[in-house]
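K.L.:
My file is start.cif. It has mmCIF, C-alpha atoms:
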data_protein
#
loop_
_atom_site.label_atom_id
_atom_site.label_comp_id
_atom_site.auth_asym_id
_atom_site.auth_seq_id
_atom_site.Cartn_x
_atom_site.Cartn_y
_atom_site.Cartn_z
CA MET A 34 0.00 0.00 0.00
CA PRO A 35 1.69 3.23 -1.10
CA ALA A 36 1.62 5.74 1.75
CA PRO A 37 1.03 9.29 0.55
CA ALA A 38 4.06 11.47 1.06
CA VAL A 39 2.09 14.56 1.99
CA HIS A 40 -0.90 14.55 4.29
CA LEU A 41 -3.47 16.22 2.13
CA LYS A 42 -6.82 17.09 3.64
CA LEU A 43 -9.51 14.58 2.70
CA PRO A 44 -12.54 16.29 1.13
CA ALA A 45 -15.63 15.80 3.27
CA ASP A 46 -17.70 14.49 0.34
CA LEU A 47 -15.10 11.92 -0.73
CA VAL A 48 -16.41 8.38 -0.23
CA ALA A 49 -15.27 4.88 -1.13
CA CYS A 50 -17.81 2.41 -2.55
CA HIS A 51 -18.38 -0.44 -0.07
CA GLU A 52 -18.63 -3.00 -2.83
CA CYS A 53 -15.82 -2.05 -5.22
CA ASP A 54 -13.72 0.41 -3.16
CA LEU A 55 -13.79 3.11 -5.85
CA LEU A 56 -13.14 6.62 -4.55
CA GLN A 57 -15.74 9.11 -5.71
CA THR A 58 -17.46 12.32 -4.73
CA GLU A 59 -20.84 11.84 -3.14
CA PRO A 60 -23.19 14.26 -4.93
CA ALA A 61 -25.39 16.64 -2.95
CA LEU A 62 -28.74 14.86 -2.92
CA LEU A 63 -32.15 16.47 -3.19
CA PRO A 64 -34.85 14.96 -0.94
CA GLY A 65 -35.87 11.58 -2.34
CA GLN A 66 -32.71 11.12 -4.41
CA THR A 67 -30.37 8.14 -4.16
CA ALA A 68 -26.64 8.07 -4.98
CA ARG A 69 -25.12 4.98 -6.58
CA CYS A 70 -21.54 3.97 -7.31
CA VAL A 71 -20.43 5.08 -10.81
CA ARG A 72 -18.55 1.83 -11.37
CA CYS A 73 -20.59 -1.00 -9.82
CA ASP A 74 -23.98 0.67 -9.22
CA ALA A 75 -23.90 -0.12 -5.49
CA PHE A 76 -26.04 1.93 -3.12
CA LEU A 77 -24.07 4.84 -1.68
CA ALA A 78 -26.54 7.12 0.08
CA ARG A 79 -30.13 8.26 0.10
CA ASN A 80 -31.72 11.52 1.13
CA PRO A 81 -35.19 10.54 2.38
CA PRO A 82 -37.36 13.60 3.04
CA ASP A 83 -37.91 14.44 6.72
CA SER A 84 -35.88 11.37 7.65
CA LEU A 85 -35.52 11.69 11.42
CA ASP A 86 -39.20 12.32 12.25
CA ARG A 87 -40.52 9.75 9.79
CA THR A 88 -38.11 7.04 10.93
CA LEU A 89 -38.97 7.72 14.59
CA ALA A 90 -42.71 7.66 13.91
CA LEU A 91 -42.51 4.44 11.90
CA THR A 92 -40.20 2.74 14.40
CA LEU A 93 -42.55 3.57 17.28
CA THR A 94 -45.47 2.26 15.19
CA ALA A 95 -43.48 -0.91 14.53
CA LEU A 96 -42.80 -1.32 18.26
CA VAL A 97 -46.53 -1.11 19.09
CA LEU A 98 -47.35 -3.60 16.32
CA TYR A 99 -44.55 -5.86 17.52
CA VAL A 100 -46.13 -6.04 20.99
CA ILE A 101 -49.58 -6.78 19.52
CA ALA A 102 -48.07 -9.44 17.23
CA ASN A 103 -46.37 -11.20 20.11
CA VAL A 104 -49.00 -11.26 22.86
CA ASN A 105 -51.93 -12.38 20.69
CA PRO A 106 -52.46 -15.75 19.00
CA LEU A 107 -51.18 -15.86 15.43
CA VAL A 108 -53.54 -18.46 14.04
CA GLY A 109 -56.01 -20.97 15.31
CA LEU A 110 -57.00 -24.35 13.99
CA ASP A 111 -60.51 -25.78 14.39
CA MET A 112 -60.58 -29.55 13.93
CA GLN A 113 -63.95 -31.15 14.57
CA GLY A 114 -64.73 -28.71 17.34
CA ARG A 115 -61.32 -28.87 19.00
CA VAL A 116 -59.54 -25.54 18.72
CA VAL A 117 -55.79 -24.96 18.96
CA ALA A 118 -54.43 -21.40 18.85
CA VAL A 119 -50.80 -20.42 19.38
CA THR A 120 -48.74 -17.29 19.81
CA LEU A 121 -45.32 -17.13 18.19
CA PHE A 122 -43.57 -17.75 21.50
CA GLU A 123 -45.75 -20.78 22.25
CA ALA A 124 -44.82 -22.20 18.85
CA VAL A 125 -41.13 -21.84 19.75
CA GLN A 126 -41.79 -23.54 23.10
CA VAL A 127 -43.41 -26.54 21.39
CA LEU A 128 -40.33 -26.98 19.19
CA TRP A 129 -38.05 -26.71 22.22
CA ARG A 130 -40.01 -29.34 24.14
CA ASP A 131 -39.92 -31.67 21.13
CA GLY A 132 -36.14 -31.71 21.39
CA MET A 133 -35.56 -29.36 18.45
CA MET A 134 -33.54 -26.85 20.49
CA PRO A 135 -31.36 -25.54 17.63
CA VAL A 136 -34.39 -24.91 15.42
CA ALA A 137 -36.34 -23.36 18.32
CA ALA A 138 -33.41 -21.05 19.08
CA LEU A 139 -33.13 -20.09 15.40
CA VAL A 140 -36.83 -19.19 15.18
CA PHE A 141 -36.72 -17.36 18.51
CA GLY A 142 -33.75 -15.30 17.36
CA THR A 143 -34.86 -14.45 13.83
CA ALA A 144 -38.58 -13.90 14.44
CA ILE A 145 -38.73 -12.62 18.05
CA LEU A 146 -35.44 -11.43 19.55
CA PHE A 147 -33.51 -9.78 16.69
CA PRO A 148 -36.44 -7.73 15.32
CA LEU A 149 -37.10 -6.40 18.84
CA LEU A 150 -33.42 -5.62 19.48
CA GLU A 151 -33.20 -3.84 16.15
CA LEU A 152 -36.20 -1.65 16.99
CA MET A 153 -34.80 -0.84 20.45
CA MET A 154 -31.36 0.04 19.07
CA ILE A 155 -32.85 2.33 16.40
CA LEU A 156 -34.78 4.15 19.13
CA LEU A 157 -31.68 4.35 21.35
CA VAL A 158 -29.88 6.07 18.48
CA LEU A 159 -32.66 8.29 17.13
CA VAL A 160 -34.35 9.56 20.30
CA PRO A 161 -31.21 11.36 21.59
CA LEU A 162 -30.62 12.64 18.06
CA ARG A 163 -34.16 14.04 17.94
CA LEU A 164 -33.57 15.74 21.29
CA GLY A 165 -30.47 17.35 19.85
CA ARG A 166 -27.93 15.36 21.82
CA VAL A 167 -25.39 13.94 19.41
CA THR A 168 -22.80 11.87 21.21
CA PRO A 169 -20.30 9.36 19.85
CA ARG A 170 -21.56 6.99 22.53
CA MET A 171 -24.51 5.95 20.34
CA ALA A 172 -22.20 4.60 17.63
CA PRO A 173 -22.00 1.08 19.15
CA PHE A 174 -25.81 0.86 19.14
CA PHE A 175 -25.89 1.82 15.49
CA ARG A 176 -23.26 -0.82 14.79
CA MET A 177 -25.60 -3.34 16.45
CA VAL A 178 -28.51 -2.21 14.23
CA ARG A 179 -26.32 -2.91 11.22
CA SER A 180 -25.27 -6.38 12.30
CA LEU A 181 -28.78 -7.37 13.45
CA LYS A 182 -30.50 -6.29 10.25
CA PRO A 183 -29.87 -9.44 8.15
CA TRP A 184 -31.10 -11.68 10.99
CA GLY A 185 -34.54 -10.18 11.55
CA MET A 186 -36.82 -12.16 9.23
CA VAL A 187 -40.39 -11.18 10.08
CA GLU A 188 -41.41 -11.07 6.41
CA VAL A 189 -40.04 -14.56 5.72
CA PHE A 190 -41.88 -15.76 8.81
CA LEU A 191 -45.20 -14.37 7.54
CA LEU A 192 -44.79 -16.17 4.21
CA GLY A 193 -43.87 -19.37 6.05
CA MET A 194 -47.02 -19.04 8.12
CA LEU A 195 -49.11 -18.64 4.95
CA VAL A 196 -47.57 -21.76 3.43
CA SER A 197 -48.30 -23.77 6.58
CA LEU A 198 -51.91 -22.53 6.58
CA VAL A 199 -52.40 -23.64 2.98
CA LYS A 200 -51.03 -27.07 3.94
CA LEU A 201 -53.51 -27.26 6.80
CA SER A 202 -56.57 -25.80 5.09
CA HIS A 203 -57.81 -29.20 3.91
CA LEU A 204 -57.30 -30.73 7.35
CA ALA A 205 -59.02 -28.21 9.58
CA THR A 206 -60.64 -24.78 9.59
CA VAL A 207 -58.04 -22.03 9.83
CA ILE A 208 -58.77 -18.97 11.99
CA LEU A 209 -56.48 -15.96 11.44
CA GLY A 210 -55.66 -14.28 14.75
CA THR A 211 -55.02 -10.65 15.69
CA ALA A 212 -51.28 -11.26 15.66
CA PHE A 213 -51.41 -12.40 12.05
CA TRP A 214 -52.67 -9.00 10.88
CA ALA A 215 -50.38 -7.18 13.29
CA THR A 216 -47.41 -9.06 11.82
CA ALA A 217 -48.44 -8.07 8.29
CA ALA A 218 -48.69 -4.41 9.38
CA LEU A 219 -45.38 -4.73 11.26
CA ILE A 220 -43.63 -5.74 8.02
CA LEU A 221 -44.98 -2.62 6.29
CA ALA A 222 -43.85 -0.37 9.17
CA LEU A 223 -40.38 -1.99 9.22
CA THR A 224 -39.97 -1.62 5.46
CA PHE A 225 -40.98 2.05 5.42
CA ALA A 226 -38.86 2.79 8.51
CA GLY A 227 -35.87 1.24 6.76
CA ARG A 228 -36.48 3.36 3.68
CA ALA A 229 -36.90 6.56 5.70
CA PHE A 230 -33.71 6.06 7.76
CA ASP A 231 -30.87 8.23 6.50
CA THR A 232 -27.82 6.81 8.27
CA ARG A 233 -25.79 9.89 7.40
CA LEU A 234 -27.76 11.79 10.05
CA LEU A 235 -25.61 10.15 12.69
CA TRP A 236 -22.33 11.39 11.32
CA GLN A 237 -23.10 15.03 10.62
CA THR A 238 -20.23 16.51 12.59
CA PRO A 239 -17.16 16.48 10.33
CA LEU A 240 -13.87 15.42 11.84
CA PRO A 241 -11.15 18.03 12.36
CA ASP A 242 -8.45 17.89 9.67
CA ASP A 243 -5.81 16.58 12.02
CA ALA A 244 -7.97 13.63 13.16
CA GLN A 245 -8.18 11.70 9.91
CA ASP A 246 -5.80 8.93 10.89
CA ALA A 247 -7.25 5.58 11.89
CA LEU A 248 -6.89 4.99 15.61
CA VAL A 249 -4.59 2.25 16.83
CA THR A 250 -5.84 0.19 19.72
CA SER A 251 -3.68 -2.15 21.70
CA ARG A 252 -5.49 -5.30 22.67
CA MET B 28 -5.12 1.70 -11.54
CA SER B 29 -7.64 1.27 -14.31
CA GLY B 30 -8.71 4.04 -16.61
CA GLY B 31 -8.06 6.79 -14.09
CA ALA B 32 -10.22 5.13 -11.43
CA LEU B 33 -8.63 5.17 -8.01
CA THR B 34 -9.70 2.92 -5.17
CA ALA B 35 -9.41 3.80 -1.49
CA ARG B 36 -6.75 1.12 -1.08
CA GLU B 37 -4.64 2.49 -3.93
CA ALA B 38 -4.89 5.93 -2.32
CA GLY B 39 -3.68 4.46 0.96
CA LEU B 40 -7.04 4.94 2.66
CA LEU B 41 -9.27 2.73 4.76
CA SER B 42 -13.02 3.17 4.58
CA CYS B 43 -15.15 2.46 7.64
CA HIS B 44 -17.80 -0.16 6.89
CA VAL B 45 -20.14 1.30 9.52
CA CYS B 46 -20.10 5.06 8.97
CA GLY B 47 -18.24 5.36 5.66
CA GLN B 48 -15.49 7.61 7.04
CA LEU B 49 -12.19 7.49 5.14
CA ALA B 50 -9.03 7.38 7.21
CA ARG B 51 -5.29 6.97 6.77
CA PRO B 52 -3.59 4.11 8.58
CA PRO B 53 -0.86 5.57 10.83
CA GLU B 54 2.78 4.84 9.88
CA GLY B 55 3.69 1.21 10.33
CA ALA B 56 0.39 0.20 11.93
CA ALA B 57 -1.74 -2.33 10.09
CA HIS B 58 -3.56 -4.13 12.90
CA SER B 59 -6.25 -3.23 15.42
CA LEU B 60 -7.23 -0.02 13.67
CA ARG B 61 -10.39 1.82 14.63
CA CYS B 62 -12.48 4.43 12.85
CA PRO B 63 -11.67 7.96 14.06
CA ARG B 64 -15.35 8.90 13.84
CA CYS B 65 -17.40 5.91 15.08
CA ARG B 66 -14.67 3.73 16.64
CA ALA B 67 -15.69 0.65 14.65
CA PRO B 68 -12.82 -1.75 13.83
CA MET B 69 -11.32 -0.81 10.45
CA HIS B 70 -9.91 -3.20 7.89
CA LEU B 71 -8.64 -2.65 4.39
CA ARG B 72 -10.61 -5.77 3.43
CA LYS B 73 -12.69 -8.13 5.56
CA PRO B 74 -10.13 -10.15 7.57
CA ALA B 75 -9.30 -13.59 6.13
CA SER B 76 -12.27 -13.22 3.79
CA VAL B 77 -11.45 -16.02 1.33
CA SER B 78 -10.46 -18.66 3.88
CA THR B 79 -13.45 -17.89 6.14
CA THR B 80 -15.83 -18.06 3.18
CA TRP B 81 -14.35 -21.41 2.12
CA ALA B 82 -14.65 -22.87 5.62
CA LEU B 83 -18.30 -21.85 5.90
CA LEU B 84 -19.05 -23.05 2.36
CA ILE B 85 -17.55 -26.49 2.97
CA ALA B 86 -19.53 -26.76 6.21
CA SER B 87 -22.75 -25.85 4.41
CA ILE B 88 -22.08 -28.36 1.62
CA VAL B 89 -21.62 -31.06 4.27
CA MET B 90 -24.92 -30.08 5.93
CA PHE B 91 -26.73 -29.80 2.59
CA LEU B 92 -27.00 -33.60 2.23
CA PRO B 93 -28.72 -34.43 5.56
CA ALA B 94 -30.86 -31.30 5.11
CA ASN B 95 -32.35 -32.74 1.95
CA LEU B 96 -32.25 -36.46 2.69
CA LEU B 97 -33.40 -36.65 6.33
CA PRO B 98 -37.07 -36.11 7.20
CA VAL B 99 -37.89 -32.57 8.35
CA MET B 100 -41.15 -33.65 9.93
CA THR B 101 -43.22 -36.66 10.89
CA THR B 102 -47.01 -36.55 10.64
CA THR B 103 -48.93 -39.01 12.80
CA SER B 104 -52.67 -39.29 12.17
CA LEU B 105 -55.44 -41.85 12.29
CA LEU B 106 -54.24 -43.03 8.89
CA GLY B 107 -50.79 -43.85 10.21
CA SER B 108 -47.45 -42.10 10.29
CA GLN B 109 -45.73 -40.31 7.41
CA GLN B 110 -42.25 -38.79 7.13
CA ASP B 111 -41.60 -35.75 4.94
CA THR B 112 -38.38 -34.37 3.50
CA ILE B 113 -38.09 -30.84 2.12
CA MET B 114 -38.71 -32.15 -1.40
CA SER B 115 -41.71 -34.32 -0.53
CA GLY B 116 -43.28 -31.27 1.12
CA VAL B 117 -43.03 -29.46 -2.22
CA VAL B 118 -44.52 -32.45 -4.04
CA PHE B 119 -47.40 -32.52 -1.57
CA LEU B 120 -48.16 -28.82 -2.19
CA TRP B 121 -48.01 -29.38 -5.95
CA GLN B 122 -50.35 -32.37 -5.86
CA SER B 123 -52.85 -30.64 -3.60
CA GLY B 124 -53.28 -28.01 -6.31
CA SER B 125 -51.52 -25.03 -4.76
CA TRP B 126 -48.81 -24.96 -7.40
CA PRO B 127 -47.90 -21.25 -6.95
CA LEU B 128 -46.97 -22.01 -3.33
CA ALA B 129 -45.22 -25.21 -4.40
CA ALA B 130 -43.10 -23.10 -6.76
CA VAL B 131 -42.31 -20.56 -4.01
CA VAL B 132 -41.30 -23.26 -1.52
CA PHE B 133 -39.29 -25.16 -4.15
CA PHE B 134 -37.45 -21.98 -5.07
CA ALA B 135 -36.82 -20.81 -1.48
CA SER B 136 -35.93 -24.19 0.04
CA VAL B 137 -34.28 -26.18 -2.73
CA MET B 138 -33.02 -23.81 -5.42
CA VAL B 139 -31.85 -20.88 -3.28
CA PRO B 140 -29.52 -22.84 -0.94
CA LEU B 141 -28.10 -24.83 -3.87
CA LEU B 142 -27.59 -21.84 -6.19
CA LYS B 143 -26.22 -19.80 -3.30
CA ILE B 144 -23.53 -22.38 -2.56
CA ILE B 145 -22.65 -22.67 -6.27
CA ALA B 146 -22.55 -18.88 -6.69
CA LEU B 147 -20.30 -18.37 -3.65
CA VAL B 148 -17.93 -21.16 -4.75
CA TYR B 149 -17.69 -19.49 -8.17
CA LEU B 150 -17.15 -16.03 -6.66
CA THR B 151 -14.48 -17.22 -4.23
CA LEU B 152 -12.65 -19.24 -6.90
CA SER B 153 -12.70 -16.34 -9.37
CA VAL B 154 -11.33 -14.00 -6.69
CA GLN B 155 -8.54 -16.46 -5.86
CA ARG B 156 -7.65 -16.72 -9.55
CA ARG B 157 -7.62 -12.92 -9.72
CA SER B 158 -10.00 -12.95 -12.65
CA THR B 159 -10.72 -9.59 -14.27
CA ARG B 160 -13.67 -10.82 -16.30
CA ASN B 161 -17.36 -10.12 -15.63
CA LEU B 162 -16.57 -7.79 -12.73
CA LEU B 163 -19.96 -6.08 -12.78
CA GLN B 164 -21.88 -9.32 -13.29
CA ARG B 165 -20.06 -10.96 -10.38
CA THR B 166 -20.80 -7.99 -8.13
CA ARG B 167 -24.48 -8.24 -9.11
CA LEU B 168 -24.41 -11.98 -8.43
CA TYR B 169 -23.02 -11.32 -4.95
CA ARG B 170 -25.75 -8.74 -4.29
CA LEU B 171 -28.40 -11.27 -5.37
CA VAL B 172 -26.92 -13.95 -3.08
CA GLU B 173 -27.00 -11.55 -0.12
CA PHE B 174 -30.53 -10.41 -0.85
CA VAL B 175 -32.17 -13.75 -1.50
CA GLY B 176 -30.44 -15.86 1.17
CA ARG B 177 -32.78 -15.07 4.04
CA TRP B 178 -35.79 -16.47 2.17
CA SER B 179 -34.44 -19.99 2.59
CA MET B 180 -35.57 -19.76 6.20
CA LEU B 181 -39.10 -20.19 4.88
CA ASP B 182 -39.32 -23.93 5.50
CA ILE B 183 -38.06 -23.58 9.06
CA TYR B 184 -41.05 -21.34 9.81
CA VAL B 185 -43.44 -23.64 7.97
CA ILE B 186 -42.27 -26.54 10.13
CA THR B 187 -42.52 -24.41 13.29
CA MET B 188 -46.14 -23.46 12.63
CA LEU B 189 -47.16 -26.98 11.57
CA VAL B 190 -45.62 -28.55 14.66
CA ALA B 191 -47.20 -25.96 16.95
CA LEU B 192 -50.68 -26.07 15.40
CA VAL B 193 -51.16 -29.74 14.65
CA SER B 194 -51.18 -31.18 18.12
CA PHE B 195 -54.58 -32.85 18.35
CA ARG B 196 -53.77 -35.78 20.58
CA GLY B 197 -55.35 -38.91 19.16
CA LEU B 198 -56.31 -37.22 15.89
CA ALA B 199 -53.15 -35.82 14.34
CA THR B 200 -49.75 -34.60 15.50
CA ILE B 201 -46.73 -33.28 13.62
CA GLU B 202 -43.20 -33.46 15.00
CA ALA B 203 -40.05 -31.89 13.57
CA GLY B 204 -37.37 -34.25 12.29
CA PRO B 205 -33.55 -34.12 12.32
CA GLY B 206 -33.51 -32.79 8.74
CA ALA B 207 -34.84 -29.49 10.08
CA ILE B 208 -31.71 -28.94 12.20
CA ALA B 209 -29.44 -29.63 9.22
CA PHE B 210 -31.56 -27.40 7.01
CA GLY B 211 -31.40 -24.52 9.53
CA ALA B 212 -27.63 -25.00 9.69
CA VAL B 213 -27.36 -24.70 5.88
CA VAL B 214 -29.30 -21.43 5.90
CA VAL B 215 -27.24 -19.91 8.73
CA LEU B 216 -23.90 -21.14 7.38
CA THR B 217 -24.54 -19.84 3.85
CA MET B 218 -25.65 -16.47 5.28
CA PHE B 219 -22.40 -16.23 7.26
CA ALA B 220 -20.45 -17.32 4.16
CA ALA B 221 -22.02 -14.52 2.11
CA MET B 222 -21.26 -12.02 4.89
CA SER B 223 -17.63 -13.04 5.16
CA PHE B 224 -17.05 -12.64 1.42
CA ASP B 225 -15.70 -9.19 0.57
CA PRO B 226 -17.05 -8.00 -2.83
CA ARG B 227 -14.19 -5.49 -3.11
CA LEU B 228 -11.88 -8.47 -3.72
CA ILE B 229 -13.66 -8.91 -7.08
CA TRP B 230 -12.36 -5.50 -8.22
CA ASP B 231 -8.91 -5.67 -6.61
CA PRO B 232 -7.14 -7.47 -9.52
CA LEU B 233 -7.67 -4.31 -11.60
CA ALA B 234 -5.14 -2.51 -9.42
CA GLY B 235 -1.88 -3.80 -10.96
CA ARG B 236 -0.94 -7.46 -11.11
CA SER B 237 1.66 -7.34 -8.31
CA ALA B 238 1.66 -9.83 -5.47
CA ASP B 239 -1.27 -9.04 -3.24
CA PRO B 240 -0.93 -9.75 0.46
CA TYR B 241 -4.56 -8.93 1.19
CA ILE B 242 -6.39 -11.69 -0.60
CA ALA B 243 -6.17 -14.51 1.90
CA SER B 244 -4.41 -12.93 4.84
CA HIS B 245 -5.41 -10.93 7.86
CA ASP B 246 -6.42 -7.26 7.73
#
Spit out the file's structure as structure tokens when you get a sec.

P.N.:
Amino acid sequence: MPAPAVHLKLPADLVACHECDLLQTEPALLPGQTARCVRCDAFLARNPPDSLDRTLALTLTALVLYVIANVNPLVGLDMQGRVVAVTLFEAVQVLWRDGMMPVAALVFGTAILFPLLELMMILLVLVPLRLGRVTPRMAPFFRMVRSLKPWGMVEVFLLGMLVSLVKLSHLATVILGTAFWATAALILALTFAGRAFDTRLLWQTPLPDDAQDALVTSR
Amino acid sequence: MSGGALTAREAGLLSCHVCGQLARPPEGAAHSLRCPRCRAPMHLRKPASVSTTWALLIASIVMFLPANLLPVMTTTSLLGSQQDTIMSGVVFLWQSGSWPLAAVVFFASVMVPLLKIIALVYLTLSVQRRSTRNLLQRTRLYRLVEFVGRWSMLDIYVITMLVALVSFRGLATIEAGPGAIAFGAVVVLTMFAAMSFDPRLIWDPLAGRSADPYIASHD
């Protein structure tokens, strides 16, 4: 790696593409516009209108829907007068008791725990930001949001539930519960919250020119 | 350098994968670097990307066989007991007339894991051979693998709901089988494999053909 002889100041709008490493200038974006890499077309940045308020509103909505989706029964099954209805957590418990601990843990993580943690972390980051308190201490929470994101799979879960209901529809009468509709609404809220979230909000304060070296930690 | 395009690495810069900040590595230091803005660990490329991806890929290939050959669930009813693999579940959906769902489940549970493994093997091999062909197509392939991977979890949720709902003692019960654990392992392992692959390695061979210490080594 050739080290530059002179320490030139890095322009604030200079970015490197995360997928092909190309250095480029991030254009000033109008509300609603998206910037993509000139070489590989990767997503660089978005400027969603009114990002902070919309993301907060949608995340709070999602949190309410999450609670409704988890305390109520998802679906019920009526078989010759005998009715079975389960919540998501009860379904996980059945798997656990059947000796399918790894599968139960996987479902618990991807459909219950990680989506909740992601919502909490987004609030932990955005509420102080909304109140005008920007501190570097919220960075670790944002890092958690990023690493949790691929593991929250509420939308896959809803499709899985639909498939299982089709498989059962000839066997018994299917009753859709409150939590089923709440889960469907939760997916919409999560999707729109994700689209409204402008991550650049967190890093508005530019670094001083003499602080552009990576930090060395001794572990 | 290719056609005047400069990457962050060629410019001697690290880019933070969390907040996008560019930073210079201090003289002589190449390990344990942290972002000056958000304090996330900084690497020129994902550490040991190729060897980690290979390890996870081999593990998922090993798990792929029991995932598809062992039963994922056992249905016990008045008519007797029946064991289902992933594939026989698809056949059942097809025969019961819900062929759109059969196609969705076949795609998510059979095709996606298989194509994902094949695509990642191809990507990792081409990176190791420092291929400069189809750069854009390979980047798009990687994006597709990352996007579509989570949908393989579908069958895990189908099994969860079936096991939880069909528990009419004496009439019909469904229990999860050992294939479900192997199948869950394939999904998780291939997701980790896709995450450990660094798409910037696809573009690196453009930057001169000199010996590259970053392909299969740390930091």

K.L.:
Check which residues satisfy the PyMOL selection byres ((chain A) within 6 of (chain B)) in the file shown, then give them as a VMD selection string.

P.N.:
chain A and resid 34 to 36 49 52 to 56 73 124 127 136 172 189 to 190 193 to 194 197 245 to 250

K.L.:
Skip Asn95 (chain B) itself and residues of its chain fewer than 2 positions away, then list as a PyMOL selection string all residues within 9 Å of it, counting all atoms listed in the file.

P.N.:
chain B and resi 90-93+97-99+112-114+137+206+209-210

K.L.:
Near Val104 (chain A), counting all atoms listed in the file, which residues have an atom at most 10 Å away, once you skip same-chain residues fewer than 4 positions from it, shown as a list in words?

P.N.:
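Skipping anything fewer than 4 positions along the chain leaves Tyr99, Val100, Val119, Thr120, Leu121, Phe122, Thr211 and Ala212 of chain A.
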
K.L.:
Pick from B:Ala135, B:Leu105, B:Leu216, B:Leu142: nearest to Val117 (chain B), with only C-alpha atoms counted?

P.N.:
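So, comparing all the options, the nearest one is B:Ala135.
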
K.L.:
Provide the CA of Thr80 (chain B) to CA of Pro183 (chain A) distance in Å, to one decimal place.

P.N.:
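Between CA of Thr80 (chain B) and CA of Pro183 (chain A) the gap works out to 17.2 Å.
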
K.L.:
Could you work out how far CA of Met100 (chain B) lies from CA of Ala130 (chain B), giving the answer in Å with one decimal?

P.N.:
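Separation of CA of Ala130 (chain B) and CA of Met100 (chain B): 19.8 Å.
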
K.L.:
Report the distance between CA of Leu93 (chain A) and CA of Glu123 (chain A) in Å, rounded to one decimal place.

P.N.:
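So the answer is 25.1 Å.
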
K.L.:
Write out as a PDB file with C-alpha atoms, keeping the file's coordinate frame each polymer residue whose atoms come within 7 Å of Leu77 (chain A), counting only C-alpha atoms; drop sequence neighbours fewer than 4 positions from it.

P.N.:
ATOM      1  CA  CYS A  50     -17.810   2.410  -2.550  1.00  0.00           C
ATOM      2  CA  ALA A  68     -26.640   8.070  -4.980  1.00  0.00           C
ATOM      3  CA  ARG A  69     -25.120   4.980  -6.580  1.00  0.00           C
ATOM      4  CA  CYS A  70     -21.540   3.970  -7.310  1.00  0.00           C
TER       5      CYS A  70
END

K.L.:
Put the listed atoms of region 245-250 of chain A in a box along x, y and z with 3 Å added on every side and give me the centre and edge lengths in Å to one decimal, as lines of an AutoDock Vina configuration file.

P.N.:
center_x = -6.4
center_y = 5.9
center_z = 14.8
size_x = 9.6
size_y = 17.5
size_z = 15.8

K.L.:
For a quick check of understanding, using only C-alpha atoms, which of B:Arg196, B:His70, B:Val214, B:Ala234 has the smallest distance to Leu141 (chain B)?

P.N.:
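Nearest to Leu141 (chain B): B:Val214.
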
K.L.:
Which residue out of A:Met134, A:Leu209, A:Ala78, A:Leu85 has the minimum interatomic distance to Val160 (chain A) when all atoms listed in the file are used?

P.N.:
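Residue with the minimum atom-to-atom distance to Val160 (chain A): A:Leu85.
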
K.L.:
Would you list the contacts of Val97 (chain A) as a PyMOL selection string, taking every protein, DNA or RNA residue within 12 Å and counting only C-alpha atoms, but skipping same-chain residues closer than 5 positions in sequence?

P.N.:
chain A and resi 90-92+102-104+149+152-153+212+215-216+218-219+222-223

K.L.:
With a distance cut-off of 9 Å and only C-alpha atoms, select the neighbouring residues of Leu147 (chain B), excluding the residue or stretch itself and same-chain residues fewer than 5 positions from it, and output the selection as a list in words.

P.N.:
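Counting only C-alpha atoms, the residues come to Thr80, Trp81, Leu84, Leu142, Leu152, Leu168, Tyr169, Val172, Thr217, Ala220, Ala221 and Phe224 of chain B.
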
K.L.:
Using all atoms listed in the file, which of A:Leu47, A:Val140, A:Val117, A:Leu89 sits nearest Leu157 (chain A)?

P.N.:
A:Leu89
